[in-house]
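Student: See entry11.txt below, with compact mmCIF, C-alpha atoms and all ligand atoms.
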# COMPACT_ATOMS: atom_id res chain seq x y z
CA MET A 297 -20.16 19.42 9.27
CA THR A 298 -21.51 20.50 5.92
CA GLY A 299 -21.99 24.24 5.72
CA GLN A 300 -19.02 25.08 7.96
CA THR A 301 -18.37 28.81 7.68
CA THR A 302 -15.08 29.11 9.54
CA PRO A 303 -12.62 31.29 7.57
CA THR A 304 -9.88 29.33 5.84
CA THR A 305 -7.23 31.92 5.12
CA GLY A 306 -4.81 33.83 7.28
CA PRO A 307 -1.47 33.23 8.90
CA ALA A 308 -0.60 29.74 10.09
CA GLU A 309 -0.19 30.99 13.67
CA ASP A 310 -3.88 31.91 13.85
CA ALA A 311 -4.76 28.36 12.87
CA THR A 312 -3.63 27.07 16.24
CA ALA A 313 -6.52 28.91 17.93
CA PRO A 314 -8.71 26.25 19.57
CA ASP A 315 -11.89 27.38 17.78
CA ARG A 316 -10.30 27.28 14.35
CA PRO A 317 -10.07 24.02 12.44
CA ALA A 318 -6.57 22.63 12.11
CA LEU A 319 -7.84 20.51 9.23
CA LEU A 320 -10.50 21.80 6.90
CA MET A 321 -11.76 19.96 3.84
CA GLU A 322 -14.31 21.71 1.67
CA GLY A 323 -16.13 20.21 -1.30
CA VAL A 324 -13.44 17.58 -1.79
CA CYS A 325 -13.93 15.16 -4.70
CA LEU A 326 -11.56 12.40 -5.78
CA GLN A 327 -11.95 9.87 -8.55
CA HIS A 328 -9.82 6.80 -9.06
CA GLY A 329 -9.49 5.11 -12.40
CA ASP A 330 -8.39 5.66 -15.95
CA GLY A 331 -11.44 7.25 -17.50
CA THR A 332 -13.02 4.05 -18.81
CA GLU A 333 -13.78 2.74 -15.35
CA THR A 334 -13.83 5.36 -12.61
CA VAL A 335 -14.75 5.22 -8.94
CA GLN A 336 -15.88 8.29 -7.04
CA ALA A 337 -13.81 7.69 -3.90
CA LEU A 338 -14.64 11.08 -2.32
CA ASP A 339 -17.87 12.83 -3.22
CA ASP A 340 -18.15 16.45 -2.06
CA VAL A 341 -16.59 15.86 1.35
CA ASP A 342 -16.68 18.61 3.98
CA LEU A 343 -14.81 18.06 7.23
CA ALA A 344 -13.52 20.41 9.92
CA VAL A 345 -11.45 19.17 12.86
CA ARG A 346 -10.37 21.51 15.64
CA PRO A 347 -7.06 21.40 17.53
CA GLY A 348 -7.32 18.81 20.30
CA GLU A 349 -10.34 17.05 18.74
CA LEU A 350 -10.40 13.33 17.97
CA ALA A 351 -12.72 12.63 15.03
CA ALA A 352 -13.53 9.07 14.04
CA ILE A 353 -14.53 7.93 10.56
CA VAL A 354 -16.34 4.63 10.21
CA GLY A 355 -17.77 2.96 7.13
CA PRO A 356 -17.61 -0.20 5.04
CA SER A 357 -14.59 -1.31 3.11
CA GLY A 358 -14.25 0.58 -0.17
CA ALA A 359 -16.23 3.58 1.14
CA GLY A 360 -13.34 6.02 0.65
CA LYS A 361 -11.80 6.24 4.13
CA SER A 362 -8.19 5.64 3.01
CA SER A 363 -8.70 8.07 0.15
CA LEU A 364 -9.79 10.70 2.68
CA LEU A 365 -6.65 10.15 4.78
CA ALA A 366 -4.47 10.30 1.65
CA VAL A 367 -6.00 13.62 0.57
CA ALA A 368 -5.90 15.08 4.10
CA GLY A 369 -2.23 14.12 4.33
CA GLY A 370 -1.28 15.61 0.98
CA LEU A 371 -0.45 12.19 -0.46
CA ALA A 372 -3.20 12.44 -3.08
CA ARG A 373 -4.50 15.56 -4.77
CA PRO A 374 -8.27 15.99 -4.99
CA ASP A 375 -9.94 16.64 -8.34
CA ARG A 376 -12.04 19.36 -6.75
CA GLY A 377 -12.27 21.19 -3.43
CA THR A 378 -9.71 22.46 -0.95
CA VAL A 379 -7.78 21.02 1.97
CA THR A 380 -6.38 23.45 4.52
CA VAL A 381 -3.91 22.32 7.18
CA ALA A 382 -2.91 24.77 9.91
CA GLY A 383 -4.23 27.62 7.78
CA LEU A 384 -2.18 26.59 4.72
CA ASP A 385 -3.87 25.51 1.50
CA LEU A 386 -2.50 22.05 0.79
CA THR A 387 -4.27 21.82 -2.56
CA ALA A 388 -2.63 24.97 -3.92
CA ALA A 389 0.88 23.92 -2.83
CA GLY A 390 3.39 22.42 -5.27
CA PRO A 391 5.09 19.05 -4.55
CA ARG A 392 7.94 20.55 -2.50
CA ALA A 393 5.71 22.79 -0.41
CA ARG A 394 3.35 19.87 0.12
CA ALA A 395 6.19 17.65 1.32
CA LYS A 396 7.31 20.39 3.71
CA LEU A 397 3.79 20.87 5.03
CA ARG A 398 3.50 17.12 5.55
CA ARG A 399 6.80 16.98 7.40
CA GLU A 400 6.04 19.93 9.64
CA HIS A 401 2.30 19.76 10.24
CA ILE A 402 1.10 16.18 9.76
CA GLY A 403 1.74 13.06 11.82
CA PHE A 404 0.74 9.58 10.66
CA VAL A 405 -0.20 6.63 12.89
CA PHE A 406 -0.52 3.30 11.07
CA GLN A 407 -2.32 0.02 11.73
CA SER A 408 0.32 -1.73 13.79
CA GLY A 409 2.74 1.04 14.59
CA ASN A 410 4.88 0.66 11.43
CA LEU A 411 8.06 0.89 13.45
CA ILE A 412 11.50 0.40 11.92
CA PRO A 413 12.78 -3.03 13.12
CA ALA A 414 16.41 -1.90 13.62
CA LEU A 415 15.65 1.09 15.85
CA THR A 416 14.93 1.27 19.57
CA ALA A 417 11.76 3.02 20.73
CA ARG A 418 13.76 6.14 21.56
CA ASP A 419 15.43 6.19 18.12
CA GLN A 420 12.08 5.76 16.36
CA LEU A 421 11.25 9.18 17.82
CA ARG A 422 14.64 10.72 17.12
CA LEU A 423 14.51 9.87 13.43
CA PRO A 424 11.72 12.27 12.34
CA LEU A 425 13.44 15.07 14.26
CA ARG A 426 16.55 14.60 12.09
CA PHE A 427 14.59 15.46 8.97
CA ARG A 428 13.61 18.86 10.29
CA PRO A 429 15.33 21.89 8.81
CA ARG A 430 17.67 23.54 11.30
CA ARG A 431 15.55 26.68 11.45
CA ALA A 432 12.32 24.82 12.17
CA ARG A 433 11.02 24.19 15.66
CA SER A 434 13.20 21.64 17.34
CA GLY A 435 10.34 19.29 18.18
CA ARG A 436 9.54 17.55 21.43
CA ASP A 437 11.77 15.59 23.74
CA PRO A 438 11.56 11.90 22.74
CA LEU A 439 11.99 10.56 26.26
CA ALA A 440 9.36 12.91 27.71
CA LEU A 441 6.90 11.76 25.05
CA LEU A 442 7.70 8.09 25.70
CA GLU A 443 7.07 8.82 29.37
CA GLU A 444 3.70 10.34 28.49
CA VAL A 445 2.61 7.21 26.64
CA GLY A 446 3.92 4.95 29.42
CA MET A 447 6.93 3.65 27.48
CA ALA A 448 9.90 5.42 29.08
CA ASP A 449 11.06 2.26 30.82
CA LYS A 450 11.16 0.45 27.46
CA ALA A 451 12.86 3.25 25.51
CA ASP A 452 15.83 1.03 24.65
CA ARG A 453 13.80 -1.89 23.37
CA TYR A 454 13.44 -2.84 19.71
CA PRO A 455 9.99 -3.38 18.12
CA HIS A 456 10.22 -7.19 18.32
CA GLN A 457 10.69 -6.84 22.10
CA LEU A 458 7.38 -4.97 22.46
CA SER A 459 3.75 -6.11 22.45
CA GLY A 460 1.30 -4.90 19.80
CA GLY A 461 -0.17 -2.30 22.15
CA GLU A 462 3.29 -1.08 23.15
CA ARG A 463 4.34 -0.72 19.50
CA GLN A 464 1.23 1.32 18.90
CA ARG A 465 2.07 3.56 21.88
CA VAL A 466 5.49 4.21 20.38
CA GLY A 467 3.85 4.85 16.99
CA ILE A 468 1.62 7.50 18.56
CA ALA A 469 4.54 9.14 20.36
CA ARG A 470 6.56 9.14 17.11
CA ALA A 471 3.70 10.82 15.24
CA LEU A 472 3.61 13.58 17.88
CA VAL A 473 7.33 14.22 18.24
CA THR A 474 7.54 16.88 15.52
CA GLY A 475 4.58 18.78 17.02
CA PRO A 476 2.08 18.24 14.18
CA SER A 477 -1.17 20.21 13.84
CA VAL A 478 -2.94 17.19 12.35
CA LEU A 479 -2.70 13.48 13.22
CA LEU A 480 -3.94 10.99 10.63
CA VAL A 481 -4.62 7.63 12.18
CA ASP A 482 -5.38 4.51 10.14
CA GLU A 483 -7.06 1.59 11.96
CA PRO A 484 -4.87 1.85 15.09
CA THR A 485 -6.61 -1.04 16.86
CA ALA A 486 -6.67 -3.51 13.94
CA ALA A 487 -4.10 -5.79 15.59
CA LEU A 488 -5.18 -5.35 19.22
CA ASP A 489 -7.55 -7.11 21.60
CA ARG A 490 -10.52 -5.31 23.10
CA ALA A 491 -8.84 -4.06 26.28
CA ARG A 492 -5.75 -2.79 24.42
CA SER A 493 -7.98 -1.14 21.79
CA HIS A 494 -9.75 0.95 24.41
CA GLU A 495 -6.45 1.83 26.02
CA ILE A 496 -4.91 2.99 22.74
CA VAL A 497 -7.85 5.11 21.62
CA ARG A 498 -8.14 6.68 25.09
CA LEU A 499 -4.45 7.49 24.83
CA LEU A 500 -4.92 8.99 21.36
CA ALA A 501 -7.77 11.19 22.63
CA ARG A 502 -5.72 12.32 25.62
CA GLU A 503 -2.55 13.01 23.65
CA SER A 504 -4.37 14.86 20.85
CA ARG A 505 -6.04 17.06 23.44
CA HIS A 506 -2.86 17.59 25.41
CA HIS A 507 -0.83 18.59 22.34
CA GLY A 508 -3.64 20.43 20.55
CA ALA A 509 -3.47 18.18 17.50
CA ALA A 510 -6.55 17.58 15.34
CA ALA A 511 -6.77 13.80 15.03
CA ILE A 512 -8.73 11.92 12.36
CA MET A 513 -8.99 8.21 12.99
CA VAL A 514 -10.32 5.69 10.49
CA THR A 515 -11.67 2.63 12.27
CA HIS A 516 -13.88 -0.43 11.91
CA ASP A 517 -14.04 -0.72 15.66
CA HIS A 518 -17.36 0.73 16.88
CA ASP A 519 -16.42 -0.24 20.41
CA VAL A 520 -13.90 2.59 20.74
CA LEU A 521 -16.09 5.41 19.42
CA GLU A 522 -17.02 6.42 22.97
CA HIS A 523 -13.54 7.95 23.33
CA CYS A 524 -13.93 10.17 20.25
CA ASP A 525 -15.27 13.72 20.21
CA THR A 526 -17.00 13.40 16.84
CA VAL A 527 -18.01 10.44 14.68
CA TYR A 528 -18.54 10.47 10.92
CA GLU A 529 -19.74 7.76 8.62
CA MET A 530 -18.46 7.34 5.10
CA ILE A 531 -20.56 5.53 2.51
CA ASP A 532 -19.82 5.56 -1.22
CA GLY A 533 -17.49 8.52 -0.85
CA ARG A 534 -19.96 10.68 1.07
CA LEU A 535 -19.24 11.78 4.63
CA THR A 536 -22.00 12.36 7.18
CA ALA A 537 -21.70 13.43 10.82
CA LEU A 538 -23.18 10.85 13.22
CA ALA A 539 -22.35 12.48 16.54
P1 LIG A 601 -11.72 2.32 2.22
O1 LIG A 601 -10.46 2.86 2.82
O2 LIG A 601 -12.94 2.87 2.87
O3 LIG A 601 -11.72 0.83 2.14
P2 LIG A 601 -10.65 3.38 -0.28
O4 LIG A 601 -10.45 4.83 -0.10
O5 LIG A 601 -9.46 2.48 -0.19
O6 LIG A 601 -11.81 2.87 0.71
O7 LIG A 601 -11.32 3.12 -1.71
C1 LIG A 601 -12.45 3.85 -2.18
C2 LIG A 601 -12.81 3.35 -3.58
O8 LIG A 601 -11.78 3.70 -4.49
C3 LIG A 601 -12.95 1.83 -3.67
O9 LIG A 601 -13.97 1.54 -4.59
C4 LIG A 601 -11.60 1.38 -4.19
O10 LIG A 601 -11.73 0.16 -4.90
C5 LIG A 601 -11.23 2.54 -5.10
N1 LIG A 601 -9.76 2.74 -5.20
C6 LIG A 601 -8.93 3.03 -4.18
N2 LIG A 601 -7.67 3.22 -4.63
C7 LIG A 601 -7.72 3.04 -5.97
C8 LIG A 601 -6.75 3.11 -7.04
N3 LIG A 601 -5.49 3.41 -6.78
N4 LIG A 601 -7.17 2.87 -8.29
C9 LIG A 601 -8.46 2.58 -8.56
N5 LIG A 601 -9.42 2.51 -7.61
C10 LIG A 601 -9.07 2.74 -6.34
What do you get writing this file as structure tokens?
Tutor:
Amino acid sequence: MTGQTTPTTGPAEDATAPDRPALLMEGVCLQHGDGTETVQALDDVDLAVRPGELAAIVGPSGAGKSSLLAVAGGLARPDRGTVTVAGLDLTAAGPRARAKLRREHIGFVFQSGNLIPALTARDQLRLPLRFRPRRARSGRDPLALLEEVGMADKADRYPHQLSGGERQRVGIARALVTGPSVLLVDEPTAALDRARSHEIVRLLARESRHHGAAAIMVTHDHDVLEHCDTVYEMIDGRLTALA
């Protein structure tokens, strides 16, 4: 999506319009290293993801995919370029504003769910809601979301009582419970068999669309790309649209 001309400024409310990217990266560069030995992890990356879109990023190990997720999620600051989330410039924000933006606008889905062992499925979803300021939107109903991902009947189970696919379903529901504009998804099928992998990525596509979240999924699994709206390839820090 090089050459994207969609405007990047304006009130956050406007950013929820379906034709406006919820995540916009423009000319993003990131180097790792100490100056003597540096790696160009992101090299002039442009990416625009609309609300409800599921974008996949494939590419070999070391290509820069995790670095892209870290920058998109405000966990790493790029050396150059801008990252706009829900109309707000993440790169211009200080540490506190960045943390707030992350909390309110970004959901993370990890490789194998990353659930907290001591909490039931329902409480995994209640926890992020507790960290919301009182004045902020109250978030979504945990049980309704568990119902949506087919886990309502297991709401009182702990992670060790769930299968890998079920843990991932809860992980997706947890990422959505605060109503994020952007979902960052890291290898969600890494621990799943083929059938479960399709099921989980189909679910991600459906839920992103349903909730109007822009989802960016890093994956090695070419099998599941059919469920994605757009596919990008990352090689040596450069991002190219494939479909
Ligand atoms: P991928 O997720 O595609 O495997 P990464 O984003 O993890 O790629 O890494 C991109 C490049 O940056 C690789 O060459 C990696 O070795 C390097 N890299 C990543 N993190 C660091 C770091 N903290 N310090 C130095 N180099 C790093």
Student: I'd like to know which of A:Leu535, A:Ile468, A:Val473, A:Val324 is closest to Leu499 of chain A, using all atoms listed in the file.
Tutor: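 Using all atoms listed in the file, the shortest distance to Leu499 of chain A belongs to A:Ile468.
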Student: Kindly work out which residues sit at most 10 Å from ligand LIG 601 (chain A), using all atoms listed in the file, and give the list as a count of residues only.
Tutor: 35
Student: Identify which of the residues A:Leu488, A:Ala469, A:Val345, A:Val481 lies closest to Asp419 of chain A, counting all atoms listed in the file when measuring atom-to-atom distances.
Tutor: A:Ala469
Student: Residues at most 9 Å from Gly348 of chain A, counting all atoms listed in the file, excluding those fewer than 2 positions away in the same chain, as a short mmCIF file (atom, residue, chain, number, x, y, z; two decimals) with C-alpha atoms, keeping the file's coordinate frame?
Tutor:
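Output contents, as saved in part-v2.cif:
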data_model
loop_
_atom_site.label_atom_id
_atom_site.label_comp_id
_atom_site.auth_asym_id
_atom_site.auth_seq_id
_atom_site.Cartn_x
_atom_site.Cartn_y
_atom_site.Cartn_z
CA PRO A 314 -8.71 26.25 19.57
CA VAL A 345 -11.45 19.17 12.86
CA ARG A 346 -10.37 21.51 15.64
CA LEU A 350 -10.40 13.33 17.97
CA ALA A 501 -7.77 11.19 22.63
CA ARG A 502 -5.72 12.32 25.62
CA GLU A 503 -2.55 13.01 23.65
CA SER A 504 -4.37 14.86 20.85
CA ARG A 505 -6.04 17.06 23.44
CA HIS A 506 -2.86 17.59 25.41
CA HIS A 507 -0.83 18.59 22.34
CA GLY A 508 -3.64 20.43 20.55
CA ALA A 509 -3.47 18.18 17.50
CA ALA A 510 -6.55 17.58 15.34
CA ALA A 511 -6.77 13.80 15.03
#
Student: Do a neighbour search on segment 444-461 of chain A at 8 Å with only C-alpha atoms, toss out local chain neighbours closer than 2 positions, and write the hits as a list in words.
Tutor: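 The filter keeps Ser408, Leu411, Ile412, Pro413, Ala414, Leu415, Thr416, Ala417, Arg418, Leu439, Ala440, Leu441, Leu442, Arg463, Gln464, Arg465, Val466, Ala469, Ala487, Leu488, Arg492, Ser493, Ile496 and Leu499 of chain A.
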Student: In Å to one decimal, how far is atom CA of Ala537 of chain A from atom CA of Asp489 of chain A?
Tutor: 27.2 Å
Student: Suppose you want the space between atom CA of His518 of chain A and atom CA of Glu495 of chain A; what is it in Å?
Tutor: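 Distance between the two atoms: 14.3 Å.
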Student: Do you have the atom CA of Tyr528 of chain A-atom CA of Leu371 of chain A distance handy?
Tutor: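 Separating atom CA of Tyr528 of chain A from atom CA of Leu371 of chain A is a distance of 21.4 Å.
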Student: May I ask which of the residues A:Leu538, A:Ala471, A:Ala486, A:Asp375 is the closest one to Gln420 of chain A, counting all atoms listed in the file?
Tutor: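 Smallest separation from Gln420 of chain A among the options: A:Ala471.
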